[in-house]
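This report concerns only the one structure given below.
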Amino acid sequence: MKNTFAILGIALAFTACTNAKKEEAIKVATIKAVKDSMRLDSFKRADAAEKQQAAKIQEEKRVLMLASAKAAENAPAATMASTRSHSVDHQTTTTTKKKGWSSAALGTVIGAGAGGLGGALIDKKKGRGAIIGGVAGAGAGYLIGRGQDRKSGRVQPKN
């Protein structure tokens, strides 16, 4: 009987010691899982906020496009009505001013530089070749840039 109680006492001591380690490991794993889920949740919330902001921006762009299209449709009718009835029609239209160089101006400068360099390298008289090449390059660059301006809508195409 003494041996049985001794074995039972030793078994209880071992099980008591191992439970604390297991409980600590479970607590650590639980804390890690909670932190990971919170981190994942914050990423999901940030992603949802980004999607919501992108949707708002798209909606604003759509509204602006519709407003500008409506203003463009109403502009000729408004000018015709004001010339017939001699009344002033106050409409608020938003026009965006184009900033920077046009493609025609940029093409002219690049073409003149490239043509001048090419002409100076080709002709024996450097000055004459540079002038002729610069003029030819500027003309070609202007024509190419003007075509790009028409495609982009900066300049109204010829009818």
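Going through the structure tokens in order, the chains are called A, B, and so on, while each chain numbers its residues from 1 and the ligands are numbered from 1 in the order shown.
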Name the residues in contact with Gly116 (chain A) at a cut-off of 8 Å, using only C-alpha atoms, excluding same-chain residues fewer than 6 positions from it; report them as a list in words.
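Residues near the query, excluding close chain neighbours: Gly129, Ala130, Ile131, Ile132, Gly133, Gly134, Val135 and Gly137 of chain A.
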